[in-house]
>>> print(open('protein-v1.cif').read())   # mmCIF, C-alpha atoms
data_data
#
loop_
_atom_site.label_atom_id
_atom_site.label_comp_id
_atom_site.auth_asym_id
_atom_site.auth_seq_id
_atom_site.Cartn_x
_atom_site.Cartn_y
_atom_site.Cartn_z
CA MET A 28 0.00 0.00 0.00
CA ASN A 29 0.96 3.58 -0.49
CA SER A 30 1.82 5.34 2.66
CA ASN A 31 -0.28 8.53 2.52
CA SER A 32 -2.68 7.54 5.24
CA SER A 33 -2.21 10.46 7.57
CA ARG A 34 -4.45 13.08 6.00
CA PRO A 35 -7.73 13.68 7.82
CA SER A 36 -10.74 14.13 5.56
CA ARG A 37 -13.43 11.74 4.38
CA ARG A 38 -12.31 9.05 6.84
CA THR A 39 -12.51 11.39 9.84
CA PHE A 40 -15.87 12.70 8.66
CA LEU A 41 -17.37 9.24 8.32
CA LEU A 42 -16.09 8.13 11.72
CA THR A 43 -17.55 11.26 13.32
CA ALA A 44 -20.88 10.74 11.57
CA ALA A 45 -21.01 7.11 12.65
CA ALA A 46 -20.05 7.88 16.24
CA GLY A 47 -23.52 9.16 17.09
CA VAL A 48 -25.02 5.95 15.73
CA LEU A 49 -22.56 3.47 17.15
CA GLY A 50 -22.31 5.13 20.55
CA ALA A 51 -19.42 6.63 22.46
CA GLY A 52 -17.89 3.23 23.04
CA GLY A 53 -18.07 2.46 19.32
CA TYR A 54 -18.73 -1.23 19.70
CA ALA A 55 -22.29 -0.78 20.93
CA GLY A 56 -23.26 -0.42 17.28
CA TRP A 57 -22.59 -4.12 16.73
CA GLU A 58 -25.51 -5.10 18.93
CA VAL A 59 -27.83 -2.49 17.40
CA PHE A 60 -26.95 -3.08 13.73
CA ARG A 61 -25.85 -6.72 13.85
CA ASP A 62 -24.43 -8.00 10.57
CA ARG A 63 -26.60 -10.65 9.01
CA ASP A 64 -25.02 -14.09 9.02
CA VAL A 65 -21.84 -12.80 10.74
CA ALA A 66 -21.62 -14.14 14.28
CA ALA A 67 -19.68 -12.05 16.79
CA PRO A 68 -16.42 -13.93 17.51
CA PRO A 69 -14.84 -14.30 20.97
CA GLN A 70 -13.24 -11.22 22.43
CA ARG A 71 -9.46 -11.19 22.88
CA SER A 72 -7.56 -9.49 25.67
CA ALA A 73 -4.89 -6.94 24.91
CA LEU A 74 -1.27 -7.74 25.72
CA TRP A 75 -1.13 -4.28 27.25
CA THR A 76 -2.97 -0.97 27.06
CA PHE A 77 -1.64 2.55 27.50
CA GLU A 78 -4.28 5.20 28.07
CA GLY A 79 -3.66 8.73 26.85
CA ARG A 80 -4.80 11.36 24.38
CA LEU A 81 -2.74 10.63 21.29
CA LYS A 82 -2.88 12.01 17.75
CA PHE A 83 -0.53 10.02 15.53
CA GLY A 84 1.41 6.78 15.78
CA PRO A 85 2.46 4.26 16.50
CA ALA A 86 5.94 4.08 15.01
CA GLY A 87 8.48 1.60 16.28
CA ASP A 88 12.13 0.59 16.16
CA GLY A 89 11.71 -2.99 17.47
CA HIS A 90 12.05 -2.13 21.17
CA ARG A 91 9.98 1.01 21.64
CA VAL A 92 6.70 2.43 20.39
CA TYR A 93 6.42 6.16 19.71
CA ALA A 94 3.38 8.42 19.33
CA VAL A 95 2.36 12.08 19.17
CA THR A 96 0.38 13.22 22.22
CA ASP A 97 -2.51 15.66 22.12
CA SER A 98 -3.05 17.02 25.62
CA PRO A 99 -0.45 18.03 26.63
CA ALA A 100 1.09 18.38 23.19
CA GLY A 101 4.30 16.42 22.78
CA LEU A 102 5.92 13.07 22.05
CA LEU A 103 5.75 9.78 23.90
CA SER A 104 7.87 6.62 24.02
CA LEU A 105 6.62 3.29 25.38
CA ASP A 106 8.33 -0.03 25.98
CA ALA A 107 7.12 -2.32 23.19
CA ALA A 108 7.09 -5.37 25.50
CA ASP A 109 4.87 -4.10 28.33
CA GLY A 110 3.63 -0.62 27.39
CA ARG A 111 5.44 1.18 30.20
CA ARG A 112 6.19 4.85 29.61
CA ARG A 113 9.88 5.32 28.87
CA TRP A 114 9.75 9.06 28.32
CA SER A 115 7.45 11.87 27.30
CA VAL A 116 8.27 15.43 26.31
CA ARG A 117 6.17 18.53 25.87
CA VAL A 118 6.81 20.77 22.90
CA ASN A 119 5.60 24.16 21.73
CA ALA A 120 2.03 24.95 20.72
CA GLU A 121 2.71 24.06 17.08
CA ALA A 122 2.76 20.38 18.08
CA TRP A 123 -1.02 20.56 18.57
CA GLU A 124 -1.14 20.33 14.81
CA ALA A 125 1.63 17.76 14.55
CA GLY A 126 1.52 15.04 11.92
CA PRO A 127 2.76 11.45 11.73
CA LEU A 128 6.25 10.67 12.94
CA ALA A 129 9.21 8.57 11.77
CA VAL A 130 11.98 6.83 13.70
CA SER A 131 15.42 6.30 12.16
CA GLY A 132 19.07 6.32 13.18
CA GLY A 133 18.35 6.94 16.85
CA SER A 134 16.10 9.95 16.23
CA VAL A 135 12.37 10.64 16.13
CA TYR A 136 11.18 13.11 13.48
CA VAL A 137 7.80 14.86 13.48
CA VAL A 138 6.36 17.52 11.17
CA SER A 139 3.57 19.96 12.05
CA ARG A 140 0.94 21.49 9.79
CA SER A 141 2.68 24.83 10.23
CA GLY A 142 5.80 23.37 8.63
CA VAL A 143 7.95 23.08 11.76
CA VAL A 144 10.13 19.95 11.81
CA ARG A 145 11.47 18.58 15.08
CA ALA A 146 14.10 15.92 15.82
CA HIS A 147 14.34 14.24 19.22
CA ARG A 148 16.65 11.55 20.54
CA ALA A 149 14.85 8.22 20.49
CA ASP A 150 16.53 7.05 23.72
CA ASP A 151 15.36 9.83 26.02
CA GLY A 152 13.32 12.33 23.98
CA GLU A 153 15.86 15.14 24.29
CA PRO A 154 15.50 17.76 21.51
CA VAL A 155 18.16 17.60 18.81
CA TRP A 156 16.98 20.43 16.54
CA SER A 157 13.95 22.32 15.31
CA ALA A 158 13.63 23.74 11.79
CA GLY A 159 11.12 25.89 9.99
CA PRO A 160 8.44 26.80 9.45
CA LEU A 161 9.05 25.52 5.94
CA GLY A 162 5.49 26.01 4.68
CA THR A 163 1.92 25.03 5.44
CA GLY A 164 -0.08 21.96 4.48
CA THR A 165 -1.01 18.47 5.62
CA PRO A 166 2.16 16.52 6.48
CA ASP A 167 3.09 13.05 5.31
CA ARG A 168 5.19 10.73 7.45
CA PRO A 169 8.83 11.92 7.12
CA VAL A 170 11.19 9.72 5.10
CA VAL A 171 14.84 9.30 6.12
CA LEU A 172 17.27 8.50 3.28
CA GLY A 173 20.89 8.40 4.40
CA SER A 174 21.74 11.73 6.00
CA THR A 175 18.61 13.45 4.68
CA VAL A 176 15.15 13.56 6.19
CA CYS A 177 12.64 14.25 3.42
CA VAL A 178 9.58 16.25 4.44
CA HIS A 179 6.35 16.75 2.52
CA LEU A 180 3.32 18.92 3.23
CA HIS A 181 0.40 18.49 0.84
CA ARG A 182 -0.97 21.61 -0.73
CA ASN A 183 -4.63 22.41 -0.12
CA THR A 184 -6.74 23.98 -2.87
CA ASP A 185 -10.13 23.14 -1.37
CA ASP A 186 -12.48 26.15 -1.45
CA GLU A 187 -14.00 25.05 1.86
CA ALA A 188 -10.69 24.94 3.75
CA PRO A 189 -7.78 27.33 4.27
CA SER A 190 -5.40 27.41 1.32
CA ALA A 191 -1.97 25.89 1.91
CA PRO A 192 0.78 25.82 -0.74
CA GLY A 193 2.53 22.76 0.70
CA VAL A 194 6.22 22.03 0.22
CA LEU A 195 8.67 19.21 -0.51
CA CYS A 196 12.16 19.49 0.96
CA GLY A 197 15.22 17.70 2.26
CA LEU A 198 16.86 18.49 5.62
CA ASP A 199 20.19 17.43 7.13
CA THR A 200 19.42 14.78 9.77
CA ALA A 201 22.19 16.06 12.07
CA THR A 202 21.43 19.79 12.02
CA GLY A 203 18.03 20.33 10.43
CA GLN A 204 19.56 22.60 7.80
CA THR A 205 17.53 22.77 4.58
CA ARG A 206 19.37 21.20 1.66
CA TRP A 207 16.73 21.75 -1.03
CA THR A 208 13.09 22.64 -1.54
CA ALA A 209 10.60 21.89 -4.31
CA PRO A 210 6.85 22.32 -4.96
CA ALA A 211 4.47 19.99 -3.16
CA SER A 212 3.87 16.61 -4.77
CA GLY A 213 0.92 14.23 -4.57
CA ILE A 214 3.50 11.42 -4.77
CA PHE A 215 6.00 11.01 -1.92
CA GLN A 216 7.53 7.54 -1.77
CA PRO A 217 11.03 6.20 -1.07
CA LEU A 218 12.73 3.57 -3.20
CA PRO A 219 13.79 0.74 -0.83
CA GLY A 220 17.54 0.22 -0.74
CA ARG A 221 18.17 2.85 -3.43
CA HIS A 222 18.41 6.11 -1.45
CA LEU A 223 16.04 7.72 -3.93
CA LEU A 224 12.72 9.49 -3.43
CA LEU A 225 9.88 9.25 -5.95
CA ALA A 226 7.99 12.53 -6.38
CA ARG A 227 6.47 14.82 -8.99
CA THR A 228 9.03 17.04 -10.68
CA GLY A 229 8.96 20.40 -12.44
CA LYS A 230 6.95 23.58 -11.99
CA LEU A 231 3.58 23.24 -10.29
CA THR A 232 0.58 24.61 -12.19
CA ASP A 233 -2.81 25.81 -10.99
CA SER A 234 -4.66 22.96 -12.69
CA PRO A 235 -6.72 20.65 -10.40
CA GLY A 236 -4.83 17.51 -11.38
CA ASP A 237 -1.06 17.24 -11.05
CA VAL A 238 0.16 15.74 -14.33
CA ARG A 239 3.84 16.55 -13.87
CA PRO A 240 6.31 13.71 -14.55
CA VAL A 241 7.39 11.46 -11.70
CA GLY A 242 11.09 11.56 -10.95
CA ALA A 243 13.60 9.67 -8.83
CA LEU A 244 15.13 12.40 -6.66
CA ASP A 245 18.59 12.40 -5.11
CA PRO A 246 17.91 13.12 -1.41
CA LEU A 247 21.11 15.19 -1.10
CA THR A 248 20.28 17.62 -3.89
CA GLY A 249 16.63 17.15 -4.80
CA GLU A 250 17.65 16.70 -8.44
CA ALA A 251 15.88 14.04 -10.53
CA ARG A 252 18.10 11.23 -11.83
CA TRP A 253 15.33 10.23 -14.22
CA GLN A 254 11.75 11.14 -15.03
CA ALA A 255 8.73 9.33 -16.46
CA PRO A 256 5.26 10.51 -17.56
CA ALA A 257 2.42 9.66 -15.19
CA SER A 258 -1.32 10.18 -14.80
CA GLY A 259 -2.69 12.86 -12.51
CA SER A 260 -3.74 10.53 -9.70
CA GLU A 261 -1.93 10.66 -6.38
CA GLU A 262 -1.89 6.85 -6.15
CA THR A 263 -0.58 6.22 -9.65
CA ILE A 264 2.63 4.59 -8.44
CA ALA A 265 3.89 1.49 -6.66
CA VAL A 266 7.29 -0.01 -5.91
CA ALA A 267 8.28 -3.66 -5.72
CA PRO A 268 9.02 -4.50 -2.06
CA ASP A 269 12.69 -5.13 -2.85
CA GLY A 270 12.95 -1.87 -4.80
CA SER A 271 13.74 -3.66 -8.06
CA THR A 272 10.91 -2.12 -10.12
CA VAL A 273 8.85 1.06 -10.19
CA TYR A 274 5.31 0.78 -11.55
CA LEU A 275 3.47 3.80 -12.97
CA LEU A 276 0.25 4.58 -14.78
CA ASP A 277 1.02 6.94 -17.68
CA GLU A 278 -1.22 9.69 -19.11
CA GLN A 279 -3.24 7.11 -21.05
CA HIS A 280 -3.63 4.90 -17.95
CA ARG A 281 -1.25 2.28 -19.27
CA LEU A 282 0.63 0.29 -16.65
CA CYS A 283 4.41 0.74 -17.06
CA ALA A 284 7.37 -0.89 -15.34
CA TYR A 285 10.65 1.03 -14.94
CA ASP A 286 14.18 0.23 -13.88
CA PRO A 287 14.71 2.17 -10.61
CA GLU A 288 18.32 3.17 -11.31
CA ALA A 289 18.28 4.26 -14.95
CA GLY A 290 14.56 4.88 -15.38
CA GLU A 291 14.38 2.69 -18.49
CA ARG A 292 10.92 1.34 -19.26
CA ARG A 293 10.81 -2.45 -19.22
CA TRP A 294 7.25 -2.98 -20.42
CA ARG A 295 3.92 -1.24 -20.91
CA ALA A 296 0.41 -2.72 -20.88
CA PRO A 297 -3.14 -1.39 -21.34
CA ALA A 298 -4.75 -0.92 -17.93
CA MET A 299 -7.29 1.37 -16.25
CA ASP A 300 -7.20 4.45 -14.06
CA GLY A 301 -6.81 3.37 -10.45
CA VAL A 302 -4.53 2.53 -7.55
CA ILE A 303 -1.45 0.35 -8.04
CA THR A 304 -0.28 -2.26 -5.52
CA ALA A 305 2.79 -4.48 -5.98
CA ALA A 306 2.60 -7.99 -4.50
CA GLY A 307 4.94 -8.74 -1.63
CA ASP A 308 6.53 -11.69 -3.44
CA GLY A 309 7.12 -9.69 -6.64
CA SER A 310 4.89 -11.89 -8.81
CA CYS A 311 1.97 -9.57 -9.58
CA VAL A 312 0.96 -5.95 -9.89
CA TYR A 313 -2.63 -5.01 -9.14
CA VAL A 314 -4.68 -2.05 -10.35
CA CYS A 315 -7.98 -1.31 -8.60
CA THR A 316 -10.47 1.45 -9.29
CA TYR A 317 -12.87 3.34 -7.07
CA ARG A 318 -15.65 1.59 -8.98
CA GLY A 319 -14.61 -1.70 -7.40
CA ASP A 320 -12.78 -3.15 -10.42
CA LEU A 321 -9.62 -5.14 -9.74
CA ALA A 322 -7.08 -6.44 -12.29
CA ALA A 323 -3.93 -8.56 -11.86
CA TYR A 324 -0.89 -8.20 -14.15
CA ASP A 325 2.22 -10.36 -14.39
CA ALA A 326 5.13 -8.40 -12.91
CA LYS A 327 7.60 -9.82 -15.47
CA ASP A 328 5.94 -8.69 -18.69
CA GLY A 329 2.68 -6.91 -17.81
CA ALA A 330 0.43 -9.66 -19.19
CA LEU A 331 -3.13 -9.44 -17.85
CA ARG A 332 -3.81 -12.47 -15.64
CA TRP A 333 -7.41 -11.69 -14.74
CA ARG A 334 -9.88 -8.90 -14.10
CA ARG A 335 -13.04 -8.86 -12.00
CA THR A 336 -15.42 -6.57 -10.13
CA VAL A 337 -15.26 -6.96 -6.36
CA ALA A 338 -17.85 -4.33 -5.35
CA LYS A 339 -20.98 -2.79 -6.83
CA GLY A 340 -20.59 0.74 -5.50
CA TYR A 341 -18.00 3.43 -4.89
CA CYS A 342 -15.07 1.95 -3.01
CA ARG A 343 -11.31 1.60 -3.10
CA PRO A 344 -10.22 -2.04 -2.77
CA VAL A 345 -7.18 -2.45 -0.52
CA ILE A 346 -5.25 -5.66 -0.94
CA THR A 347 -2.60 -7.88 0.63
CA GLN A 348 -1.19 -11.02 -1.02
CA ARG A 349 -0.03 -14.01 0.97
CA ASP A 350 0.44 -17.73 0.21
CA GLY A 351 -1.41 -17.80 -3.10
CA ARG A 352 -4.34 -15.76 -1.84
CA LEU A 353 -5.31 -12.14 -2.29
CA PHE A 354 -7.10 -10.59 0.69
CA VAL A 355 -9.21 -7.54 -0.08
CA THR A 356 -11.06 -4.97 2.03
CA SER A 357 -13.22 -2.03 1.02
CA GLY A 358 -10.75 0.26 2.76
CA GLU A 359 -10.81 3.96 3.72
CA GLY A 360 -14.42 3.81 4.83
CA PHE A 361 -15.87 3.33 1.34
CA GLY A 362 -18.58 0.70 1.25
CA SER A 363 -19.43 -2.16 -1.07
CA ASP A 364 -22.87 -0.96 -2.11
CA SER A 365 -24.62 2.18 -0.89
CA LEU A 366 -24.65 4.70 1.93
CA PHE A 367 -26.07 3.86 5.31
CA THR A 368 -29.05 6.06 6.01
CA MET A 369 -27.34 6.80 9.32
CA GLY A 370 -24.21 8.32 7.76
CA GLY A 371 -21.82 5.44 7.17
CA LYS A 372 -21.10 2.82 4.52
CA ARG A 373 -20.90 -0.93 4.46
CA GLY A 374 -17.63 -2.74 4.05
CA TYR A 375 -16.42 -6.17 2.98
CA VAL A 376 -13.53 -8.58 3.48
CA LEU A 377 -12.84 -11.27 0.87
CA ALA A 378 -10.21 -13.66 -0.40
CA LEU A 379 -9.41 -14.34 -4.06
CA SER A 380 -7.18 -16.85 -5.80
CA VAL A 381 -4.00 -15.13 -6.97
CA ASP A 382 -3.88 -17.38 -10.06
CA SER A 383 -7.44 -16.92 -11.33
CA GLY A 384 -9.13 -14.17 -9.32
CA LYS A 385 -11.78 -16.68 -8.23
CA GLU A 386 -13.60 -15.68 -5.05
CA LEU A 387 -12.70 -18.06 -2.22
CA TRP A 388 -14.76 -16.41 0.51
CA ARG A 389 -16.43 -13.11 1.28
CA VAL A 390 -17.81 -11.42 4.40
CA ASP A 391 -20.02 -8.34 4.01
CA ARG A 392 -20.06 -6.05 7.03
CA MET A 393 -22.29 -3.30 8.35
CA GLU A 394 -19.11 -1.60 9.56
CA ALA A 395 -16.55 0.08 7.34
CA CYS A 396 -13.00 -1.20 6.92
CA TRP A 397 -10.34 1.34 7.85
CA SER A 398 -7.13 -0.55 7.11
CA ALA A 399 -5.45 -2.87 4.68
CA PRO A 400 -5.74 -6.52 5.72
CA ALA A 401 -2.76 -7.53 7.87
CA VAL A 402 -2.00 -11.24 7.44
CA VAL A 403 -0.23 -12.92 10.35
CA GLY A 404 -0.26 -16.72 10.22
CA ASP A 405 -3.89 -17.82 9.76
CA ASP A 406 -5.24 -14.44 10.87
CA VAL A 407 -6.46 -11.79 8.42
CA ILE A 408 -6.72 -8.74 10.69
CA VAL A 409 -8.88 -5.78 9.68
CA THR A 410 -9.64 -2.58 11.55
CA HIS A 411 -13.37 -1.84 11.54
CA ASP A 412 -15.07 1.23 12.96
CA SER A 413 -14.79 0.04 16.51
CA ALA A 414 -12.39 -2.88 16.78
CA TRP A 415 -9.78 -5.17 15.33
CA TRP A 416 -11.36 -8.27 13.78
CA SER A 417 -9.54 -11.43 12.76
CA TYR A 418 -10.87 -13.61 9.93
CA ASP A 419 -9.69 -17.14 9.22
CA ALA A 420 -7.45 -16.91 6.14
CA ARG A 421 -8.81 -20.22 4.80
CA THR A 422 -12.53 -19.83 5.41
CA GLY A 423 -13.26 -16.18 6.22
CA LYS A 424 -14.93 -17.13 9.49
CA PRO A 425 -14.45 -14.45 12.19
CA ARG A 426 -11.95 -15.77 14.75
CA TRP A 427 -11.67 -13.04 17.40
CA ARG A 428 -12.18 -9.33 18.03
CA LEU A 429 -10.60 -6.67 20.21
CA PRO A 430 -12.85 -3.65 20.80
CA GLY A 431 -11.69 -0.15 21.56
CA VAL A 432 -9.07 0.31 18.86
CA SER A 433 -9.15 2.07 15.52
CA SER A 434 -6.74 3.16 12.80
CA VAL A 435 -8.61 6.40 12.22
CA MET A 436 -5.48 8.33 13.22
CA ASP A 437 -2.86 6.11 11.66
CA ASP A 438 -2.33 2.60 10.35
CA PRO A 439 -1.65 -0.23 12.83
CA LEU A 440 1.93 -1.41 13.30
CA VAL A 441 2.88 -5.11 13.21
CA ALA A 442 6.29 -6.02 14.65
CA SER A 443 7.57 -9.34 16.04
CA ASP A 444 4.06 -10.87 15.91
CA VAL A 445 2.63 -8.03 17.99
CA LEU A 446 -0.03 -5.67 16.62
CA TYR A 447 0.06 -2.09 17.93
CA GLY A 448 -2.89 0.23 17.28
CA LEU A 449 -3.85 3.77 18.16
CA SER A 450 -7.31 4.98 19.16
CA SER A 451 -8.76 8.05 20.80
CA GLY A 452 -8.12 6.33 24.15
CA GLY A 453 -4.44 5.51 23.70
CA VAL A 454 -2.40 2.51 22.46
CA GLN A 455 -3.25 -1.19 22.60
CA ALA A 456 -0.94 -4.09 21.86
CA LEU A 457 -2.07 -7.58 20.89
CA ARG A 458 0.05 -10.69 20.38
CA VAL A 459 -1.02 -12.49 17.19
#
>>> encode(input="protein-v1.cif", output="structure tokens")
Amino acid sequence: MNSNSSRPSRRTFLLTAAAGVLGAGGYAGWEVFRDRDVAAPPQRSALWTFEGRLKFGPAGDGHRVYAVTDSPAGLLSLDAADGRRRWSVRVNAEAWEAGPLAVSGGSVYVVSRSGVVRAHRADDGEPVWSAGPLGTGTPDRPVVLGSTVCVHLHRNTDDEAPSAPGVLCGLDTATGQTRWTAPASGIFQPLPGRHLLLARTGKLTDSPGDVRPVGALDPLTGEARWQAPASGSEETIAVAPDGSTVYLLDEQHRLCAYDPEAGERRWRAPAMDGVITAAGDGSCVYVCTYRGDLAAYDAKDGALRWRRTVAKGYCRPVITQRDGRLFVTSGEGFGSDSLFTMGGKRGYVLALSVDSGKELWRVDRMEACWSAPAVVGDDVIVTHDSAWWSYDARTGKPRWRLPGVSSVMDDPLVASDVLYGLSSGGVQALRV
């Protein structure tokens, strides 16, 4: 999946609208609007719970979990094993509008909507430097490439919200000094193992869609090593997990594969306008549309393997491939059919055969799906409006649930067979 999950908007609106229906505890809605033919599974107990008012997180480095706190504004570090507070620091008022954070090289980096970037020591939370403001906009999770921390704030051109020009820039990780700046880009994605950043390049225009070429930027200079034409969608790009291939949709919505170093095109195939996802094992590339269409292409040559419709209404299928199966959720709060009269949308979880696209099982829910399916062993874990749910990877039967968690603020984190999730009440950890 692409990583731009931090921006509040439709997802926050839908959760707020549903809150009055589902009740303050969230899970009460299950008893009122019980899903037909979906029995409530046993409830699991959390490994540990940390209560607090948090905004973004969690991020982790294997031993600690980090999050942005809301009241008081600041940063927090917890022990990943038992949830004990290791340190917490308060920061200036700008942190009230802080965005998602990143942990790398012994430092925690966080960007605010006002364009202030802060670096703190991961061991004890001590401030290292503060830079900016660099601009205004909605921040993405910072990306650290070598000695550069890349920062991106989305521009806002919505007539109903304050205008924000956004910015894309690279800062020195040791000092916070700005190395380069560029116009905001709807694409902001690192190339694994390549020390390159994929982003739109060139002068930004006033047109609604950003149709500038996508380039592979050197994090030290911000200069593009190569460029390729791309469609105007923000999710028109994907990268093979090992960084060996970059996939793009061009202006005519053709799926293209590029060499990440030289930018040479390896193949091009007719496709459709949508969201690209590269399979974890490198075998397939998937394109899915907001109309619920899903197509699988061979990663070697772009040959179409299969195409099918997975939903009848407006949705954005979110997928994860594992062991010959493709697990799909409606994702981002978009439902499989039509709007709830109460302000929400239905969701679904299903499994398809990677080889043929044949449906293996499907569960339709009265609750939206807010996360990509996380597959751990035989568990397919999905965040619904009010809880984590696990579905049996072979049958789709609900296995267990853990109420009181949600990914409305950020995606869950899975590390060492432990699932960490953030909700309005704090952090919960669950061994899976």
>>> atom_distance(input="protein-v1.cif", atom1="CA of Leu377 (chain A)", atom2="CA of Gly423 (chain A)")
7.3 Å
>>> atom_distance(input="protein-v1.cif", atom1="CA of Ser115 (chain A)", atom2="CA of Tyr93 (chain A)")
9.6 Å
>>> residues_around(input="protein-v1.cif", residues="Leu102 (chain A)", least_positions_apart="5", cutoff="8 Å", atoms="all atoms listed in the file", output="list in words")
Tyr93, Ala94, Val95, Thr96, Ser115, Val116, Arg117, Val118 and Gly152 of chain A
>>> resolve_selection(input="protein-v1.cif", expression="the PyMOL selection byres ((chain A and resi 402) around 9)", output="VMD selection string")
chain A and resid 347 to 349 354 400 to 401 403 to 408 420
>>> closest_atom_pairs(input="protein-v1.cif", of="region 265-358 of chain A", to="region 209-222 of chain A", cutoff="12 Å", atoms="all atoms listed in the file", output="CSV")
residue,atom,partner,partner_atom,distance
A:Ala265,CA,A:Gln216,CA,8.6
A:Val266,CA,A:Leu218,CA,7.1
A:Ala267,CA,A:Pro219,CA,8.6
A:Pro268,CA,A:Pro219,CA,7.2
A:Asp269,CA,A:Pro219,CA,6.3
A:Gly270,CA,A:Pro219,CA,4.8
A:Ser271,CA,A:Pro219,CA,8.5
A:Thr272,CA,A:Leu218,CA,9.1
A:Val273,CA,A:Leu218,CA,8.4
A:Tyr274,CA,A:Leu218,CA,11.5
A:Leu275,CA,A:Ile214,CA,11.2
A:Asp286,CA,A:Leu218,CA,11.3
A:Pro287,CA,A:Leu218,CA,7.8
A:Glu288,CA,A:Arg221,CA,7.9
A:Ala289,CA,A:Arg221,CA,11.6
>>> closest_residue(input="protein-v1.cif", among="A:Val312, A:Ala107, A:Leu446, A:Val65", to="Met393 (chain A)", atoms="all atoms listed in the file")
A:Val65
>>> residues_around(input="protein-v1.cif", residues="Asn119 (chain A)", least_positions_apart="5", cutoff="10 Å", atoms="all atoms listed in the file", output="PyMOL selection string")
chain A and resi 99-101
>>> resolve_selection(input="protein-v1.cif", expression="the PyMOL selection byres ((chain A and resi 424) around 10)", output="PyMOL selection string")
chain A and resi 65-66+68+388-390+417-423+425-427
>>> residues_around(input="protein-v1.cif", residues="Arg182 (chain A)", least_positions_apart="2", cutoff="8 Å", atoms="only C-alpha atoms", output="PyMOL selection string")
chain A and resi 163-165+180+184+190-194+211
>>> resolve_selection(input="protein-v1.cif", expression="the PyMOL selection byres ((chain A and resi 386) around 10)", output="list in words")
Arg335, Val337, Arg352, Leu353, Leu377, Ala378, Leu379, Ser380, Val381, Ser383, Gly384, Lys385, Leu387, Trp388 and Arg389 of chain A
>>> residues_around(input="protein-v1.cif", residues="Asp412 (chain A)", least_positions_apart="4", cutoff="7 Å", atoms="all atoms listed in the file", output="list in words")
Glu394, Ala395, Cys396, Trp397 and Ser433 of chain A
>>> atom_distance(input="protein-v1.cif", atom1="CA of Thr205 (chain A)", atom2="CA of Leu161 (chain A)")
9.0 Å
>>> residues_around(input="protein-v1.cif", residues="Gly452 (chain A)", least_positions_apart="5", cutoff="8 Å", atoms="only C-alpha atoms", output="list in words")
Glu78, Gly79, Arg80, Leu81 and Gly431 of chain A
>>> closest_residue(input="protein-v1.cif", among="A:Val459, A:Ala73, A:Val176, A:Glu153", to="Gly132 (chain A)", atoms="all atoms listed in the file")
A:Val176
>>> decode(input="protein-v1.cif", residues="region 203-212 of chain A", atoms="N, CA, C and O atoms", output="short mmCIF file (atom, residue, chain, number, x, y, z; two decimals), in the first residue's frame")
data_model
loop_
_atom_site.label_atom_id
_atom_site.label_comp_id
_atom_site.auth_asym_id
_atom_site.auth_seq_id
_atom_site.Cartn_x
_atom_site.Cartn_y
_atom_site.Cartn_z
N GLY A 203 19.30 19.76 10.85
CA GLY A 203 18.03 20.33 10.43
C GLY A 203 18.16 21.37 9.34
O GLY A 203 17.15 21.96 8.93
N GLN A 204 19.36 21.61 8.86
CA GLN A 204 19.56 22.60 7.80
C GLN A 204 18.89 22.14 6.51
O GLN A 204 18.99 20.99 6.12
N THR A 205 18.22 23.08 5.84
CA THR A 205 17.53 22.77 4.58
C THR A 205 18.54 22.60 3.45
O THR A 205 19.36 23.48 3.20
N ARG A 206 18.48 21.47 2.79
CA ARG A 206 19.37 21.20 1.66
C ARG A 206 18.74 21.59 0.33
O ARG A 206 19.42 22.04 -0.56
N TRP A 207 17.43 21.40 0.21
CA TRP A 207 16.73 21.75 -1.03
C TRP A 207 15.24 21.83 -0.77
O TRP A 207 14.74 21.26 0.20
N THR A 208 14.55 22.55 -1.61
CA THR A 208 13.09 22.64 -1.54
C THR A 208 12.53 22.51 -2.95
O THR A 208 13.20 22.82 -3.94
N ALA A 209 11.29 22.07 -3.03
CA ALA A 209 10.60 21.89 -4.31
C ALA A 209 9.10 22.05 -4.07
O ALA A 209 8.64 22.00 -2.93
N PRO A 210 8.31 22.23 -5.13
CA PRO A 210 6.85 22.32 -4.96
C PRO A 210 6.28 21.03 -4.38
O PRO A 210 6.86 19.95 -4.53
N ALA A 211 5.14 21.16 -3.72
CA ALA A 211 4.47 19.99 -3.16
C ALA A 211 4.15 18.98 -4.24
O ALA A 211 3.98 19.30 -5.41
N SER A 212 4.09 17.71 -3.83
CA SER A 212 3.87 16.61 -4.77
C SER A 212 2.85 15.65 -4.21
O SER A 212 2.91 15.29 -3.03
#
